[in-house]
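Source file: start.cif (mmCIF, C-alpha atoms)
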```cif
data_entry
#
loop_
_atom_site.group_PDB
_atom_site.id
_atom_site.type_symbol
_atom_site.label_atom_id
_atom_site.label_comp_id
_atom_site.auth_asym_id
_atom_site.auth_seq_id
_atom_site.Cartn_x
_atom_site.Cartn_y
_atom_site.Cartn_z
ATOM 1 C CA MET B 1 -14.710 -21.153 -55.019
ATOM 2 C CA ILE B 2 -12.673 -20.107 -52.016
ATOM 3 C CA PHE B 3 -12.377 -22.885 -49.426
ATOM 4 C CA ILE B 4 -11.128 -22.036 -45.930
ATOM 5 C CA THR B 5 -10.425 -23.962 -42.757
ATOM 6 C CA ALA B 6 -9.479 -22.260 -39.515
ATOM 7 C CA LYS B 7 -8.575 -23.697 -36.105
ATOM 8 C CA PHE B 8 -9.628 -21.578 -33.140
ATOM 9 C CA GLN B 9 -7.975 -22.321 -29.792
ATOM 10 C CA LEU B 10 -10.336 -20.965 -27.143
ATOM 11 C CA LYS B 11 -9.538 -19.936 -23.622
ATOM 12 C CA PRO B 12 -10.981 -22.804 -21.549
ATOM 13 C CA GLU B 13 -13.545 -20.582 -19.843
ATOM 14 C CA TYR B 14 -15.122 -19.743 -23.221
ATOM 15 C CA ALA B 15 -15.059 -23.151 -24.917
ATOM 16 C CA ASP B 16 -18.548 -24.224 -23.860
ATOM 17 C CA THR B 17 -20.146 -20.909 -24.810
ATOM 18 C CA TRP B 18 -18.320 -20.352 -28.118
ATOM 19 C CA PRO B 19 -21.363 -21.238 -30.257
ATOM 20 C CA GLU B 20 -23.323 -18.462 -28.533
ATOM 21 C CA VAL B 21 -20.372 -16.025 -28.528
ATOM 22 C CA SER B 22 -19.859 -16.460 -32.274
ATOM 23 C CA ALA B 23 -23.561 -16.809 -33.187
ATOM 24 C CA GLU B 24 -24.120 -13.275 -34.486
ATOM 25 C CA PHE B 25 -21.037 -13.425 -36.700
ATOM 26 C CA THR B 26 -21.905 -16.928 -37.870
ATOM 27 C CA GLN B 27 -25.467 -16.038 -38.847
ATOM 28 C CA ALA B 28 -24.464 -12.808 -40.570
ATOM 29 C CA THR B 29 -21.841 -14.668 -42.598
ATOM 30 C CA ARG B 30 -24.255 -17.438 -43.547
ATOM 31 C CA ASN B 31 -26.643 -14.748 -44.813
ATOM 32 C CA GLU B 32 -24.063 -13.316 -47.217
ATOM 33 C CA PRO B 33 -25.145 -13.961 -50.835
ATOM 34 C CA GLY B 34 -21.767 -15.495 -51.755
ATOM 35 C CA CYS B 35 -21.410 -17.761 -48.722
ATOM 36 C CA LEU B 36 -21.726 -21.427 -49.659
ATOM 37 C CA TRP B 37 -21.216 -22.719 -46.106
ATOM 38 C CA PHE B 38 -19.862 -21.596 -42.754
ATOM 39 C CA ASP B 39 -19.798 -24.450 -40.243
ATOM 40 C CA TRP B 40 -18.195 -24.910 -36.837
ATOM 41 C CA SER B 41 -17.105 -28.236 -35.341
ATOM 42 C CA ARG B 42 -15.646 -28.882 -31.921
ATOM 43 C CA SER B 43 -12.531 -31.032 -31.781
ATOM 44 C CA VAL B 44 -12.994 -34.514 -30.348
ATOM 45 C CA ASP B 45 -9.381 -34.424 -29.087
ATOM 46 C CA ASP B 46 -9.276 -30.939 -27.574
ATOM 47 C CA PRO B 47 -12.491 -29.505 -26.092
ATOM 48 C CA ASP B 48 -11.027 -25.993 -26.269
ATOM 49 C CA GLU B 49 -10.539 -26.133 -30.048
ATOM 50 C CA TYR B 50 -13.107 -25.371 -32.733
ATOM 51 C CA VAL B 51 -12.601 -25.821 -36.446
ATOM 52 C CA LEU B 52 -14.364 -23.573 -38.916
ATOM 53 C CA VAL B 53 -14.978 -24.799 -42.458
ATOM 54 C CA GLU B 54 -16.187 -22.130 -44.830
ATOM 55 C CA ALA B 55 -16.594 -21.595 -48.552
ATOM 56 C CA PHE B 56 -17.432 -18.616 -50.714
ATOM 57 C CA ARG B 57 -18.625 -18.583 -54.308
ATOM 58 C CA ASP B 58 -15.594 -16.671 -55.655
ATOM 59 C CA GLY B 59 -13.030 -13.988 -54.900
ATOM 60 C CA ASP B 60 -15.630 -11.244 -54.986
ATOM 61 C CA ALA B 61 -17.708 -13.058 -52.370
ATOM 62 C CA GLY B 62 -14.621 -13.630 -50.222
ATOM 63 C CA GLY B 63 -13.718 -9.961 -50.544
ATOM 64 C CA ALA B 64 -17.228 -8.917 -49.561
ATOM 65 C CA HIS B 65 -16.941 -11.156 -46.487
ATOM 66 C CA VAL B 66 -13.673 -9.701 -45.190
ATOM 67 C CA THR B 67 -14.844 -6.124 -45.751
ATOM 68 C CA SER B 68 -18.278 -6.607 -44.190
ATOM 69 C CA ASP B 69 -19.296 -4.807 -41.017
ATOM 70 C CA HIS B 70 -19.883 -8.096 -39.182
ATOM 71 C CA PHE B 71 -16.369 -9.311 -40.071
ATOM 72 C CA LYS B 72 -14.848 -6.067 -38.786
ATOM 73 C CA LYS B 73 -16.908 -6.341 -35.602
ATOM 74 C CA ALA B 74 -15.811 -9.956 -35.102
ATOM 75 C CA GLN B 75 -12.178 -8.885 -35.452
ATOM 76 C CA GLN B 76 -12.757 -6.573 -32.487
ATOM 77 C CA THR B 77 -14.887 -8.800 -30.250
ATOM 78 C CA LEU B 78 -13.845 -12.432 -30.788
ATOM 79 C CA PRO B 79 -10.055 -12.349 -30.171
ATOM 80 C CA SER B 80 -10.480 -11.795 -26.423
ATOM 81 C CA HIS B 81 -11.912 -15.340 -26.265
ATOM 82 C CA LEU B 82 -8.917 -16.914 -28.012
ATOM 83 C CA VAL B 83 -5.571 -18.214 -26.797
ATOM 84 C CA ARG B 84 -3.917 -17.199 -30.085
ATOM 85 C CA THR B 85 -4.614 -16.084 -33.616
ATOM 86 C CA PRO B 86 -6.523 -18.784 -35.523
ATOM 87 C CA LYS B 87 -4.557 -21.053 -37.857
ATOM 88 C CA ILE B 88 -6.086 -20.414 -41.279
ATOM 89 C CA ILE B 89 -5.624 -22.225 -44.569
ATOM 90 C CA ASN B 90 -7.422 -21.188 -47.731
ATOM 91 C CA PHE B 91 -7.481 -22.426 -51.313
ATOM 92 C CA VAL B 92 -9.060 -21.291 -54.534
ATOM 93 C CA ILE B 93 -10.803 -24.251 -56.160
ATOM 94 C CA ASP B 94 -12.246 -24.350 -59.677
#
```

Taking this structure as input, can you express it in the form of structure tokens?
Amino acid sequence: MIFITAKFQLKPEYADTWPEVSAEFTQATRNEPGCLWFDWSRSVDDPDEYVLVEAFRDGDAGGAHVTSDHFKKAQQTLPSHLVRTPKIINFVID
């Protein structure tokens, strides 16, 4: 399994609408056959920060995710809502 966490620092004007902004990408990812979960949480300390927790069945599923059309589209459309590049940590877990 590939386990990933990512912190997204939003521009304040987009923080309240982030669930809608990211909805298409979120749903498409959740529909991937190898996606185990893909869940957003809003920080209780910083209302402009969201944390994404995601997991994929294996390396093939993770590879399919990052080469998918919806991932490529998100790379083009979502960054304009962010203060900086997300902080991402990922692990391979047996």

For the file shown, report as a PyMOL selection string the outcome of the PyMOL selection byres ((chain B and resi 39-43) around 10) at residue level.
chain B and resi 5-8+15-16+18-19+22+26+30+37-38+44-55

Within 8 Å of His70 of chain B, counting only C-alpha atoms, which residues qualify if same-chain residues fewer than 5 places away don't, as a list in words?
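What passes the distance filter is Phe25, Ala28 and Thr29 of chain B.
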
Could you write out as JSON the box around segment 65-69 of chain B (axis-aligned, all atoms listed in the file, 6 Å on each side), with centre and edge lengths in Å to one decimal?
```
{"center_x": -16.5, "center_y": -8.0, "center_z": -43.8, "size_x": 17.6, "size_y": 18.3, "size_z": 17.5}
```

Hey, can you check how far atom CA of Gly59 of chain B sits from atom CA of Gly34 of chain B?
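A separation of 9.4 Å between them.
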
Expansion of the PyMOL selection byres ((chain B and resi 57) around 9) into residues, as a count of residues only:
13

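With distances restricted to all atoms listed in the file, B:Leu82 is the closest residue to Lys11 of chain B from B:Asp94, B:Lys87, B:Val66, B:Leu82.
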
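For the atom pair formed by atom CA of Val21 of chain B and atom CA of His81 of chain B, the distance is 8.8 Å, given to one decimal.
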
Interatomic distance (Å, one decimal) between atom CA of Ala74 of chain B and atom CA of Ala23 of chain B
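Computing the Euclidean distance for atom CA of Ala74 of chain B and atom CA of Ala23 of chain B yields 10.5 Å.
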
Residues at most 8 Å from Phe91 of chain B, counting all atoms listed in the file, excluding those fewer than 2 positions away in the same chain, as a PyMOL selection string?
chain B and resi 2-4+89+93

With C-alpha atoms as the atom set, please write segment 38-92 of chain B from the structure just given, as a compact mmCIF listing (two decimals), in the first residue's frame.
```txt
# COMPACT_ATOMS: atom_id res chain seq x y z
CA PHE B 38 -8.82 9.96 -0.43
CA ASP B 39 -10.03 12.20 2.39
CA TRP B 40 -9.70 15.90 3.12
CA SER B 41 -9.71 17.48 6.59
CA ARG B 42 -9.55 21.14 7.48
CA SER B 43 -7.04 22.14 10.13
CA VAL B 44 -8.49 23.16 13.48
CA ASP B 45 -5.51 25.50 14.01
CA ASP B 46 -5.34 27.16 10.60
CA PRO B 47 -8.58 27.63 8.64
CA ASP B 48 -6.59 28.12 5.43
CA GLU B 49 -4.94 24.69 5.65
CA TYR B 50 -6.35 21.37 4.45
CA VAL B 51 -4.76 17.99 4.98
CA LEU B 52 -5.25 15.22 2.46
CA VAL B 53 -4.88 11.60 3.56
CA GLU B 54 -4.81 9.13 0.72
CA ALA B 55 -3.91 5.50 0.12
CA PHE B 56 -3.51 3.36 -2.96
CA ARG B 57 -3.47 -0.42 -3.20
CA ASP B 58 0.11 -0.63 -4.57
CA GLY B 59 2.69 1.05 -6.77
CA ASP B 60 0.73 0.30 -9.92
CA ALA B 61 -2.34 2.01 -8.49
CA GLY B 62 -0.24 4.99 -7.39
CA GLY B 63 1.30 5.18 -10.85
CA ALA B 64 -2.12 5.06 -12.48
CA HIS B 65 -3.21 7.93 -10.22
CA VAL B 66 -0.34 10.28 -11.09
CA THR B 67 -0.67 9.58 -14.82
CA SER B 68 -4.46 9.94 -14.93
CA ASP B 69 -6.13 12.72 -16.88
CA HIS B 70 -7.80 14.09 -13.73
CA PHE B 71 -4.44 14.29 -11.94
CA LYS B 72 -2.91 16.17 -14.87
CA LYS B 73 -5.90 18.52 -14.95
CA ALA B 74 -5.62 19.14 -11.20
CA GLN B 75 -1.94 20.02 -11.63
CA GLN B 76 -3.06 22.77 -14.01
CA THR B 77 -6.13 24.09 -12.17
CA LEU B 78 -5.57 23.71 -8.42
CA PRO B 79 -2.22 25.50 -7.85
CA SER B 80 -3.73 28.94 -8.46
CA HIS B 81 -5.69 28.44 -5.22
CA LEU B 82 -2.59 27.64 -3.16
CA VAL B 83 -0.07 29.78 -1.30
CA ARG B 84 2.69 27.25 -2.02
CA THR B 85 3.36 23.75 -3.24
CA PRO B 86 1.75 21.19 -0.91
CA LYS B 87 3.97 19.47 1.66
CA ILE B 88 3.75 15.78 0.76
CA ILE B 89 4.94 12.71 2.62
CA ASN B 90 4.45 9.21 1.29
CA PHE B 91 5.35 5.73 2.50
CA VAL B 92 5.09 2.24 1.10
```
